[in-house]
Number of protein chains: 4
Amino acid sequence: MAENEKNFEIRTDLAVEERESFPGDGGEIAGVALREWRESGSAVKMTEVQILDEHGARAMGKPEGVYLTLEADGMAGNDEEEAQEIASEFAVQLSRLLLREQKDADTDGERGEKNRESGGIDSVKQETGFEGRRILIVGLGNAFVTPDALGPRTMANLRVTRHLDGQFGEGFCKERHLPLLSAIVPGVMAQTGMESAEILKGIVGETKPEMVVVIDALAARSVRRLGTTIQLTDTGIHPGSGVGNHRHGLTRESLGVPVFAVGVPTVVSATSIVHDTISSLETWEIEAKGGWEEHLNPELRDLYVTPPDIDERIQRISKILCEGIHRALFGRETRL
Amino acid sequence: MAENEKNFEIRTDLAVEERESFPGDGGEIAGVALREWRESGSAVKMTEVQILDEHGARAMGKPEGVYLTLEADGMAGNDEEEAQEIASEFAVQLSRLLLREQKDADTDGERGEKNRESGGIDSVKQETGFEGRRILIVGLGNAFVTPDALGPRTMANLRVTRHLDGQFGEGFCKERHLPLLSAIVPGVMAQTGMESAEILKGIVGETKPEMVVVIDALAARSVRRLGTTIQLTDTGIHPGSGVGNHRHGLTRESLGVPVFAVGVPTVVSATSIVHDTISSLETWEIEAKGGWEEHLNPELRDLYVTPPDIDERIQRISKILCEGIHRALFGRETRL
Amino acid sequence: MAENEKNFEIRTDLAVEERESFPGDGGEIAGVALREWRESGSAVKMTEVQILDEHGARAMGKPEGVYLTLEADGMAGNDEEEAQEIASEFAVQLSRLLLREQKDADTDGERGEKNRESGGIDSVKQETGFEGRRILIVGLGNAFVTPDALGPRTMANLRVTRHLDGQFGEGFCKERHLPLLSAIVPGVMAQTGMESAEILKGIVGETKPEMVVVIDALAARSVRRLGTTIQLTDTGIHPGSGVGNHRHGLTRESLGVPVFAVGVPTVVSATSIVHDTISSLETWEIEAKGGWEEHLNPELRDLYVTPPDIDERIQRISKILCEGIHRALFGRETRL
Amino acid sequence: MAENEKNFEIRTDLAVEERESFPGDGGEIAGVALREWRESGSAVKMTEVQILDEHGARAMGKPEGVYLTLEADGMAGNDEEEAQEIASEFAVQLSRLLLREQKDADTDGERGEKNRESGGIDSVKQETGFEGRRILIVGLGNAFVTPDALGPRTMANLRVTRHLDGQFGEGFCKERHLPLLSAIVPGVMAQTGMESAEILKGIVGETKPEMVVVIDALAARSVRRLGTTIQLTDTGIHPGSGVGNHRHGLTRESLGVPVFAVGVPTVVSATSIVHDTISSLETWEIEAKGGWEEHLNPELRDLYVTPPDIDERIQRISKILCEGIHRALFGRETRL
């Protein structure tokens with residue numbers, strides 16, 4: 001029956017929602033590890049879904065890797081202190097995820113990670129683990145379509161540093177405990193005639209970053225998550241994910257370097273809305289349930305549902321993401 | 001039973017959709033006149049709904065007045081010639097609607113209207129009926145929310161002339177067969193802290209236009225109409241219409257001068273999507289039908305459904321509207 | 001000779017530059033009071049020019065009133081702490097200037113002012129002196145012309161509150177120690193066909209703010225001041241000031257309520273650049289000096305000089321202004 | 001003396017201005033060919049400067065190649081017919097320049113060129129010479145700095161087609177007489193941390209266009225040319241040219257495929273303004289002339305002069321460029 005349930009696929013880009021869709025909340029899924037926690041007094045609820053092997057990947061419909069979720073209703077609100085707290089927590093988690101990867105590659109891999117573990121963001125003003133590291137940040141999506149503009153808007157305030165080495169001499173950034181940060185907004189295919197993956201492959205090949213971090217708007221199943229959840233993953237961008245034009249994959253395989261993704265759900269598919277309503281009807285017969293999907297207007301599959309205050313939500317969360325990236329990579333606040 | 005059907009209200013800003021919702025397509029509604037036509041060889045289907053009296057207004061849930069609809073699938077497409085044809089037809093209808101009003105007020109009211117009737121847009125290069133007339137165009141909506149940006153985007157390319165009289169002497173515009181055109185994008189309440197109606201009342205009181213034309217994004221019931229339909233009306237903006245924040249009324253009563261509205265549907269409410277799917281289910285029992293609305297997630301009422309290419313659609317149709325306004329009021333093409 | 005010097009007018013919107021143009025830095029000018037200071041350890045240099053009477057107004061070419069200048073090279077830089085310090089100092093001065101006016105009008109005028117004097121921005125979290133006050137903020141200028149976009153960009157992040165009383169009941173804002181803040185970007189005449197003064201007169205008449213604060217980009221004489229100086233004044237906007245289209249006056253006389261102006265120089269006139277170079281030539285004969293202005297290309301009078309990083313400077317300073325306004329009127333930081 | 005004059009370098013990106021700076025308008029320069037013409041009745045003045053050899057390149061300070069200039073005061077104006085005429089003439093010249101190059105590479109090189117010569121834009125609805133050709137258009141510059149935004153704004157309305165082959169099958173474009181057009185706005189170094197040249201080298205290497213066309217804003221010497229001149233060249237972008245951050249070279253050498261550049265002057269350097277005024281002073285002594293440059297404020301070298309209506313000019317000319325590109329590459333008008 002679980003199998004049967006799962007046959008009806010409503011797309012979500014969130015691993016945490018995919019996990020929730022399995023019946024019985026205490027149930028284990030082979031190959032999938034789940035951990036939930038909340039720092040004491042914190043507004044942010046943390047969930048880590050790890051897909052450990054092929055079986056887990058098949059069950060979840062997502063590649064093996066770590067999917068970390070930060071949830072806080074306050075992301076969509078107006079409270080300044082809560083926004084700062086979310087940015088700070090996001091910075092810690094982003095730093096950890098990126099350094100976890102780096103540690104494997106480093107010979108002196110202990111370095112950064114150790115610092116992060118012991119300290120938290122405020123104690124590492126001098127050492128972030130990213131000094132002199134070459135990192136490319138990518139703002140995916142269409143800047144002119146509000147729910148798809150999360151990536152481009154986050155880029156708008158990002159501080160890049162990679163060119164400083166070119167201007168002031170090699171080693172300039174590293175000596176100042178700065179990463180060599182570059183950033184790009186590749187646009188969407190209807191604007192460029194090219195896949196984002198092609199553009200990024202070319203840029204990565206030419207500028208040789210050690211890792212890529214992609215910011216993207218996601219599709220969720222639950223309306224409640226729109227603009228209130230951040231997902232971090234070390235699996236990159238899967239084909240078919242995101243808002244608007246369905247993305248091609250951006251992964252370690254396609255780009256040749258580790259690819260991390262930071263995403264925030266900004267839309268729910270129209271199909272999902274219909275499904276939720278019908279599922280909630282008491283008078284509904286189980287036989288009918290099996291069949292209603294055939295009656296679904298095919299046009300619905302391409303339609304998105306978005307809240308009326310989507311612009312404010314995206315404006316706000318893109319600032320939280322930008323601030324968090326600055327804190328993680330530069331080790332200090334850069335708010336104005 | 002018809003009554004019963006009508007009890008379930010899914011909002012539409014289009015009179016033509018309201019009219020369609022009455023059962024039986026040949027049926028007459030007291031107080032409502034319907035006329036449909038298509039110029040031979042034209043891509044544009046025309047529908048005029050006239051709400052003639054209080055009975056019609058009650059039945060339709062809209063104020064008395066003329067509601068003219070232009071429909072063409074090509075609005076959403078890429079064909080240049082069809083776009084030109086739609087702009088041209090829109091110009092003719094806009095001119096007629098505005099002059100109809102003016103004729104009543106003029107002592108020499110025959111003037112412009114006669115020209116329009118006999119000629120069409122190409123033959124009136126010299127005389128448009130709007131020479132020296134003071135007209136304020138308003139771009140309602142939120143420029144930062146794609147489906148709500150139709151008004152602001154249409155304003156972006158509009159040519160204003162009212163200030164030329166101030167710069168070059170009174171009569172400058174009239175002698176050149178130009179209207180005294182002014183334009184404003186009032187913003188939305190979350191940006192300004194003021195109702196658009198307050199802002200416009202102030203501006204109208206100070207700058208004294210003879211008429212106001214409001215451009216606004218609308219909500220439709222049918223997905224098929226998104227970006228493919230233009231509605232013109234002489235009733236202004238009704239309270240509660242439009243996308244995003246629900247508008248206050250902008251009418252002759254509130255502003256003191258005739259208010260026309262030009263609208264294009266860019267969203268469908270999430271409720272409407274759910275309703276359509278459920279209505280199409282064969283296995284659905286009539287008893288259940290009466291009750292499903294109670295099961296509707298209240299959050300849905302605030303959510304909009306919009307197609308993924310909404311940006312291109314709005315970009316394209318805002319150019320058609322701007323070009324049509326230029327042709328109607330200036331009597332010539334102004335395409336670059 | 002001083003008279004002669006002053007005959008050659010290169011426009012500046014800064015009272016502090018006008019004052020400097022008088023020969024002899026120790027010299028007194030009748031009707032003009034000058035005060036300069038710097039808080040110990042502060043990066044911000046303060047200058048207050050008061051034009052006390054008609055004689056001073058004639059000599060300075062500006063109306064009677066207070067002109068307060070904050071100068072800090074760090075405004076154009078990237079240091080976060082310095083930006084916070086400037087925002088904080090700006091907040092204190094803005095608050096004082098607005099309350100000075102209000103005190104005269106209030107029966108219990110001591111209230112706010114006393115608080116400000118004794119405390120500084122951090123100690124007035126509860127009481128700002130603006131609780132329940134109706135204040136309209138205006139972002140003058142053309143959002144599409146970078147050096148003229150300071151006003152519109154400052155508005156982009158401003159939080160308005162006036163509508164909350166409408167939504168949640170009268171008194172809502174006052175009870176929460178909030179002002180009733182509204183904001184408008186009126187656009188420029190080439191976009192609207194209307195004078196900003198007309199639009200604002202209408203809006204002020206309709207929405208009845210107690211005071212108006214106008215944000216505007218200014219013209220300076222010295223390149224060094226571009227993006228490094230903030231001027232506050234209680235005289236409003238003088239006719240002919242600002243960047244781009246020359247503004248009509250926005251004053252207590254024209255709008256009927258006190259009008260404050262906050263300006264930042266973003267351009268220098270091309271004439272000024274030419275003048276400075278010629279003045280610095282040692283080989284230049286004094287006779288020639290008297291005559292060179294006749295040789296000036298008349299086209300130059302309409303041209304502006306602006307630094308290549310004008311976008312970053314305006315982006316940065318508009319955030320400082322927005323943050324300062326929030327601190328002054330809401331009594332707390334609102335940085336994200 | 002000519003040598004002496006030329007020692008004082010005020011930068012211009014226009015070959016036609018460089019050519020004018022040589023004393024004596026009839027004088028020949030070895031290695032530089034000059035041709036001027038105007039089609040009968042046309043508003044557009046054409047000038048072709050050809051730099052034929054190393055001597056010419058040294059004298060002109062620009063690489064060998066063709067520099068074609070279209071001049072028309074109407075570019076900055078509002079006349080629709082003149083704008084159409086300019087777009088049409090630009091399309092013809094762009095097509096010729098691109099096909100001239102292609103002919104050399106083609107085995108059947110006569111094809112397109114012959115058509116162009118005999119026909120002009122209206123007669124080649126079916127055959128443009130670009131069917132199935134892979135062309136990348138680049139919009140250089142900073143979208144947020146008005147005078148540098150020409151490239152990004154021209155891209156905003158450009159129609160790309162390269163992805164259609166991917167969506168509908170190889171050969172789709174060619175069968176429809178369409179080029180495989182792609183487009184990119186690489187941003188500026190302060191936004192990306194990368195050289196535009198790096199980004200483009202990566203993208204060209206990955207997507208393999210046969211030629212690149214770069215749109216860029218230029219610096220001129222004469223205020224009169226701002227927004228009234230288009231320069232086309234087959235030499236690409238020279239290091240140090242353009243507005244804002246000084247560009248690295250984009251040439252056949254750096255990108256590996258032919259690079260064409262389309263530029264419009266939008267700024268004049270402040271130095272140029274000062275120079276023109278001083279040069280026009282009658283009382284000026286020739287001895288002083290030799291020395292004044294030393295007195296020039298070094299800050300001036302980084303400052304730009306731009307007209308107050310720069311936004312409208314760029315808006316208008318970017319539409320002319322986009323329309324011209326469409327006509328040249330698609331063989332038809334695409335105005336809405």
# chains A, B, ... in the order shown; residues from 1 in each chain; ligands from 1
>>> calpha_fit_and_write(fixed="chain B", moving="chain C", output="compact mmCIF listing (two decimals) with C-alpha atoms, in the first residue's frame")
# COMPACT_ATOMS: atom_id res chain seq x y z
CA MET C 1 -30.31 24.61 -9.58
CA ALA C 2 -28.77 27.47 -11.45
CA GLU C 3 -29.14 29.42 -8.24
CA ASN C 4 -27.43 26.62 -6.38
CA GLU C 5 -24.56 26.53 -8.85
CA LYS C 6 -24.08 30.25 -8.54
CA ASN C 7 -23.86 29.97 -4.76
CA PHE C 8 -20.41 28.55 -5.18
CA GLU C 9 -18.38 31.59 -6.08
CA ILE C 10 -15.01 31.31 -7.68
CA ARG C 11 -13.84 34.77 -8.37
CA THR C 12 -13.28 36.09 -11.87
CA ASP C 13 -12.63 39.66 -12.92
CA LEU C 14 -13.89 38.91 -16.44
CA ALA C 15 -17.53 39.65 -17.19
CA VAL C 16 -17.36 37.21 -20.08
CA GLU C 17 -16.49 34.36 -17.71
CA GLU C 18 -19.18 35.38 -15.27
CA ARG C 19 -21.65 35.27 -18.16
CA GLU C 20 -20.45 31.82 -19.19
CA SER C 21 -21.04 30.46 -15.73
CA PHE C 22 -24.78 30.66 -16.21
CA PRO C 23 -26.08 27.26 -17.35
CA GLY C 24 -27.28 26.93 -20.96
CA ASP C 25 -25.35 28.98 -23.44
CA GLY C 26 -28.41 30.16 -25.35
CA GLY C 27 -30.17 31.36 -22.18
CA GLU C 28 -30.98 35.00 -21.72
CA ILE C 29 -30.29 36.80 -18.46
CA ALA C 30 -32.57 39.71 -17.69
CA GLY C 31 -30.60 42.95 -17.68
CA VAL C 32 -27.59 41.55 -19.49
CA ALA C 33 -26.97 41.90 -23.23
CA LEU C 34 -24.44 39.72 -24.99
CA ARG C 35 -22.90 40.22 -28.41
CA GLU C 36 -20.13 38.18 -30.03
CA TRP C 37 -18.42 38.80 -33.35
CA ARG C 38 -15.24 38.46 -35.31
CA GLU C 39 -14.10 40.70 -38.16
CA SER C 40 -13.71 38.56 -41.28
CA GLY C 41 -10.26 37.07 -41.38
CA SER C 42 -9.38 38.47 -37.96
CA ALA C 43 -7.53 36.50 -35.29
CA VAL C 44 -9.37 38.41 -32.58
CA LYS C 45 -12.69 37.22 -31.18
CA MET C 46 -14.79 40.06 -29.76
CA THR C 47 -17.39 39.77 -27.01
CA GLU C 48 -19.40 42.61 -25.54
CA VAL C 49 -21.29 42.08 -22.30
CA GLN C 50 -23.52 44.96 -21.33
CA ILE C 51 -24.96 45.06 -17.85
CA LEU C 52 -28.03 47.19 -18.36
CA ASP C 53 -29.76 47.49 -15.01
CA GLU C 54 -29.73 46.56 -11.34
CA HIS C 55 -31.08 43.10 -12.01
CA GLY C 56 -28.24 42.37 -14.39
CA ALA C 57 -25.71 43.80 -11.95
CA ARG C 58 -27.01 41.55 -9.15
CA ALA C 59 -26.98 38.45 -11.35
CA MET C 60 -23.48 39.14 -12.62
CA GLY C 61 -21.99 40.48 -9.41
CA LYS C 62 -20.58 43.44 -11.32
CA PRO C 63 -21.66 47.06 -11.76
CA GLU C 64 -23.71 48.31 -14.73
CA GLY C 65 -21.67 49.18 -17.80
CA VAL C 66 -19.93 47.90 -20.89
CA TYR C 67 -17.41 45.02 -20.73
CA LEU C 68 -15.64 44.39 -23.99
CA THR C 69 -13.37 41.38 -24.44
CA LEU C 70 -10.73 40.74 -27.09
CA GLU C 71 -9.54 37.14 -27.25
CA ALA C 72 -6.71 35.71 -29.35
CA ASP C 73 -4.43 32.84 -28.53
CA GLY C 74 -1.76 34.69 -30.47
CA MET C 75 -1.39 37.23 -27.66
CA ALA C 76 0.75 34.68 -25.86
CA GLY C 77 2.63 33.65 -28.99
CA ASN C 78 5.47 35.11 -30.95
CA ASP C 79 3.93 36.11 -34.26
CA GLU C 80 4.68 39.72 -35.05
CA GLU C 81 1.86 40.26 -37.53
CA GLU C 82 -0.73 38.86 -35.19
CA ALA C 83 0.57 41.09 -32.40
CA GLN C 84 0.20 44.10 -34.70
CA GLU C 85 -3.35 43.05 -35.56
CA ILE C 86 -4.30 42.70 -31.89
CA ALA C 87 -2.77 46.07 -31.04
CA SER C 88 -4.70 47.64 -33.91
CA GLU C 89 -8.02 46.08 -32.90
CA PHE C 90 -7.44 47.03 -29.27
CA ALA C 91 -6.72 50.61 -30.36
CA VAL C 92 -10.00 50.82 -32.26
CA GLN C 93 -12.03 49.48 -29.35
CA LEU C 94 -10.28 51.64 -26.74
CA SER C 95 -10.83 54.71 -28.86
CA ARG C 96 -14.51 53.90 -29.30
CA LEU C 97 -15.10 53.27 -25.62
CA LEU C 98 -13.40 56.50 -24.54
CA LEU C 99 -15.12 58.57 -27.21
CA ARG C 100 -18.53 57.09 -26.46
CA GLU C 101 -18.17 58.58 -23.01
CA GLN C 102 -16.79 61.82 -24.32
CA LYS C 103 -19.60 62.24 -26.82
CA ASP C 104 -22.10 62.38 -24.01
CA ALA C 105 -20.12 65.15 -22.38
CA ASP C 106 -19.23 67.08 -25.54
CA THR C 107 -21.48 69.62 -27.15
CA ASP C 108 -20.03 68.64 -30.49
CA GLY C 109 -19.91 65.01 -29.54
CA GLU C 110 -20.28 63.59 -33.06
CA ARG C 111 -16.81 64.61 -34.04
CA GLY C 112 -14.42 61.88 -33.03
CA GLU C 113 -16.86 59.00 -32.97
CA LYS C 114 -17.91 59.54 -36.53
CA ASN C 115 -14.33 59.41 -37.66
CA ARG C 116 -13.64 56.20 -35.86
CA GLU C 117 -16.71 54.47 -37.18
CA SER C 118 -16.03 55.29 -40.76
CA GLY C 119 -12.33 54.86 -40.80
CA GLY C 120 -10.40 52.58 -38.53
CA ILE C 121 -7.04 53.46 -37.12
CA ASP C 122 -5.09 54.12 -40.28
CA SER C 123 -7.33 56.82 -41.67
CA VAL C 124 -7.24 59.11 -38.65
CA LYS C 125 -3.64 60.21 -38.63
CA GLN C 126 -4.73 63.79 -38.21
CA GLU C 127 -7.86 63.51 -36.11
CA THR C 128 -8.23 61.12 -33.20
CA GLY C 129 -10.92 62.83 -31.16
CA PHE C 130 -8.43 63.23 -28.31
CA GLU C 131 -6.69 66.41 -29.44
CA GLY C 132 -6.02 68.59 -26.42
CA ARG C 133 -7.90 66.21 -24.10
CA ARG C 134 -6.46 65.64 -20.62
CA ILE C 135 -6.11 61.91 -19.97
CA LEU C 136 -4.39 60.19 -17.02
CA ILE C 137 -3.18 56.61 -17.52
CA VAL C 138 -2.64 54.57 -14.34
CA GLY C 139 -0.47 51.43 -14.10
CA LEU C 140 -1.88 49.59 -11.07
CA GLY C 141 -0.05 46.71 -9.38
CA ASN C 142 3.32 45.70 -7.98
CA ALA C 143 6.21 46.07 -10.41
CA PHE C 144 8.21 43.51 -8.44
CA VAL C 145 5.64 40.68 -8.58
CA THR C 146 5.60 39.32 -12.11
CA PRO C 147 1.88 38.50 -12.54
CA ASP C 148 0.94 41.82 -10.91
CA ALA C 149 3.36 43.87 -13.00
CA LEU C 150 1.21 44.34 -16.12
CA GLY C 151 0.24 47.90 -15.22
CA PRO C 152 3.73 49.17 -14.30
CA ARG C 153 5.29 47.47 -17.32
CA THR C 154 2.78 48.96 -19.75
CA MET C 155 3.65 52.38 -18.34
CA ALA C 156 7.38 51.82 -18.89
CA ASN C 157 7.18 52.63 -22.59
CA LEU C 158 4.24 55.03 -22.58
CA ARG C 159 4.82 58.47 -24.05
CA VAL C 160 3.46 61.32 -21.97
CA THR C 161 2.79 64.78 -23.34
CA ARG C 162 1.01 66.81 -20.66
CA HIS C 163 4.23 68.56 -19.61
CA LEU C 164 4.89 69.82 -23.16
CA ASP C 165 2.23 72.47 -22.74
CA GLY C 166 4.05 73.63 -19.63
CA GLN C 167 7.38 73.71 -21.43
CA PHE C 168 6.38 75.12 -24.82
CA GLY C 169 3.23 77.06 -24.07
CA GLU C 170 -0.45 76.28 -23.68
CA GLY C 171 -2.00 74.84 -26.80
CA PHE C 172 1.21 73.16 -27.89
CA CYS C 173 -0.27 69.65 -27.73
CA LYS C 174 -3.65 70.51 -29.21
CA GLU C 175 -2.12 72.24 -32.21
CA ARG C 176 -0.15 69.08 -32.90
CA HIS C 177 -3.28 66.91 -32.57
CA LEU C 178 -1.92 65.41 -29.35
CA PRO C 179 -3.76 64.65 -26.14
CA LEU C 180 -2.41 65.98 -22.83
CA LEU C 181 -1.35 62.58 -21.58
CA SER C 182 -0.09 61.98 -18.06
CA ALA C 183 0.78 58.66 -16.39
CA ILE C 184 1.41 57.32 -12.90
CA VAL C 185 2.47 54.07 -11.26
CA PRO C 186 1.08 54.52 -7.75
CA GLY C 187 2.67 51.33 -6.28
CA VAL C 188 0.94 49.03 -3.80
CA MET C 189 -0.02 49.56 -0.19
CA ALA C 190 2.83 47.48 1.21
CA GLN C 191 5.25 49.87 -0.55
CA THR C 192 3.47 53.18 0.08
CA GLY C 193 1.32 52.74 3.18
CA MET C 194 -1.44 54.41 1.16
CA GLU C 195 -4.37 53.10 -0.87
CA SER C 196 -3.92 53.57 -4.61
CA ALA C 197 -7.34 55.20 -4.44
CA GLU C 198 -6.04 57.86 -2.05
CA ILE C 199 -2.98 58.59 -4.18
CA LEU C 200 -5.05 58.85 -7.36
CA LYS C 201 -7.76 60.97 -5.77
CA GLY C 202 -5.06 63.42 -4.75
CA ILE C 203 -3.41 63.47 -8.16
CA VAL C 204 -6.70 63.76 -10.04
CA GLY C 205 -7.79 66.62 -7.79
CA GLU C 206 -4.54 68.45 -8.42
CA THR C 207 -3.94 67.80 -12.14
CA LYS C 208 -7.59 67.63 -13.30
CA PRO C 209 -7.66 65.03 -16.09
CA GLU C 210 -10.96 64.68 -17.97
CA MET C 211 -10.78 60.92 -17.80
CA VAL C 212 -8.70 58.16 -16.23
CA VAL C 213 -7.64 54.86 -17.87
CA VAL C 214 -6.42 52.19 -15.45
CA ILE C 215 -4.26 49.25 -16.60
CA ASP C 216 -4.45 46.26 -14.26
CA ALA C 217 -3.71 42.53 -14.04
CA LEU C 218 -6.84 40.41 -13.47
CA ALA C 219 -7.82 37.06 -12.02
CA ALA C 220 -9.64 34.66 -14.35
CA ARG C 221 -11.29 31.29 -13.79
CA SER C 222 -9.86 29.57 -16.82
CA VAL C 223 -6.18 28.85 -17.25
CA ARG C 224 -6.70 29.13 -20.98
CA ARG C 225 -7.31 32.87 -20.69
CA LEU C 226 -4.01 33.77 -18.97
CA GLY C 227 -2.36 36.30 -21.20
CA THR C 228 -4.74 35.72 -24.12
CA THR C 229 -7.64 38.07 -23.25
CA ILE C 230 -8.01 41.83 -22.90
CA GLN C 231 -11.02 43.29 -21.12
CA LEU C 232 -12.05 46.93 -21.56
CA THR C 233 -14.71 48.47 -19.39
CA ASP C 234 -16.19 51.86 -18.60
CA THR C 235 -16.94 50.87 -15.01
CA GLY C 236 -13.47 51.44 -13.58
CA ILE C 237 -11.93 49.14 -10.99
CA HIS C 238 -14.30 47.32 -8.61
CA PRO C 239 -13.27 46.80 -5.00
CA GLY C 240 -11.68 43.37 -4.52
CA SER C 241 -10.57 42.89 -8.10
CA GLY C 242 -7.07 42.42 -9.46
CA VAL C 243 -4.03 40.40 -8.43
CA GLY C 244 -2.18 40.58 -5.12
CA ASN C 245 -3.56 43.04 -2.65
CA HIS C 246 -7.23 43.43 -3.23
CA ARG C 247 -7.89 46.79 -4.81
CA HIS C 248 -10.18 49.48 -3.49
CA GLY C 249 -12.58 50.88 -6.02
CA LEU C 250 -11.44 53.38 -8.64
CA THR C 251 -14.64 54.70 -10.18
CA ARG C 252 -16.32 57.82 -11.42
CA GLU C 253 -17.84 58.07 -7.94
CA SER C 254 -14.52 57.90 -6.09
CA LEU C 255 -12.41 59.95 -8.53
CA GLY C 256 -14.99 62.38 -9.90
CA VAL C 257 -14.22 61.75 -13.58
CA PRO C 258 -14.97 58.83 -15.92
CA VAL C 259 -12.72 55.85 -15.15
CA PHE C 260 -12.01 53.19 -17.78
CA ALA C 261 -10.19 49.95 -17.04
CA VAL C 262 -8.05 47.80 -19.31
CA GLY C 263 -7.27 44.41 -17.80
CA VAL C 264 -5.56 41.17 -18.74
CA PRO C 265 -5.91 37.98 -16.69
CA THR C 266 -2.51 36.80 -15.41
CA VAL C 267 -3.56 34.51 -12.56
CA VAL C 268 -6.22 31.94 -11.70
CA SER C 269 -7.08 31.36 -8.06
CA ALA C 270 -5.94 28.04 -6.62
CA THR C 271 -9.57 27.39 -5.64
CA SER C 272 -10.59 27.52 -9.26
CA ILE C 273 -8.07 24.85 -10.25
CA VAL C 274 -9.33 22.52 -7.55
CA HIS C 275 -12.94 23.16 -8.54
CA ASP C 276 -12.32 22.41 -12.20
CA THR C 277 -10.62 19.11 -11.47
CA ILE C 278 -13.29 17.87 -9.08
CA SER C 279 -16.07 18.95 -11.42
CA SER C 280 -14.55 16.86 -14.18
CA LEU C 281 -14.52 13.62 -12.22
CA GLU C 282 -17.12 11.21 -13.59
CA THR C 283 -17.24 9.09 -10.47
CA TRP C 284 -18.07 12.09 -8.36
CA GLU C 285 -21.41 11.94 -6.56
CA ILE C 286 -23.66 14.96 -6.71
CA GLU C 287 -24.12 14.89 -2.92
CA ALA C 288 -20.42 15.19 -2.35
CA LYS C 289 -20.26 18.10 -4.74
CA GLY C 290 -22.42 20.20 -2.48
CA GLY C 291 -20.00 19.70 0.35
CA TRP C 292 -16.46 19.68 -0.89
CA GLU C 293 -15.94 23.37 -0.65
CA GLU C 294 -15.97 23.07 3.14
CA HIS C 295 -12.96 20.84 2.87
CA LEU C 296 -11.02 23.41 0.95
CA ASN C 297 -7.85 24.52 2.66
CA PRO C 298 -8.54 28.16 3.66
CA GLU C 299 -4.94 29.00 2.73
CA LEU C 300 -5.84 28.28 -0.91
CA ARG C 301 -8.04 31.35 -1.13
CA ASP C 302 -4.96 33.56 -1.05
CA LEU C 303 -2.92 31.54 -3.52
CA TYR C 304 -2.53 32.19 -7.22
CA VAL C 305 -1.77 29.88 -10.10
CA THR C 306 0.34 31.25 -12.92
CA PRO C 307 2.03 29.71 -15.95
CA PRO C 308 5.81 29.29 -16.00
CA ASP C 309 6.22 31.64 -18.98
CA ILE C 310 4.27 34.43 -17.27
CA ASP C 311 7.16 36.88 -17.66
CA GLU C 312 7.31 36.59 -21.46
CA ARG C 313 3.51 36.77 -21.70
CA ILE C 314 3.33 39.94 -19.65
CA GLN C 315 6.27 41.48 -21.45
CA ARG C 316 4.57 40.84 -24.76
CA ILE C 317 1.08 41.91 -23.83
CA SER C 318 2.26 45.06 -22.09
CA LYS C 319 3.85 46.08 -25.38
CA ILE C 320 0.62 45.36 -27.23
CA LEU C 321 -1.30 47.50 -24.74
CA CYS C 322 1.20 50.35 -24.93
CA GLU C 323 1.22 50.27 -28.72
CA GLY C 324 -2.59 50.18 -28.77
CA ILE C 325 -2.85 53.17 -26.44
CA HIS C 326 -0.40 55.12 -28.61
CA ARG C 327 -2.38 54.33 -31.75
CA ALA C 328 -5.71 55.21 -30.18
CA LEU C 329 -4.60 58.49 -28.61
CA PHE C 330 -1.91 59.68 -31.02
CA GLY C 331 -3.41 58.22 -34.18
CA ARG C 332 -0.20 56.61 -35.38
CA GLU C 333 2.23 53.79 -34.81
CA THR C 334 5.04 54.33 -32.33
CA ARG C 335 6.69 51.01 -32.29
CA LEU C 336 10.33 51.59 -31.49
>>> select_by_dssp(residues="segment 154-329 of chain B", states="alpha helix (DSSP H)", output="ChimeraX atom specification")
/B:154-156,162-168,172-175,189-192,196-207,252-255,270-279,286-292,310-329
>>> select_by_dssp(residues="segment 9-212 of chain B", states="strand (DSSP E)", output="number ranges by chain")
B: 32-37, 45-51, 65-71, 134-139, 180-184, 211-212
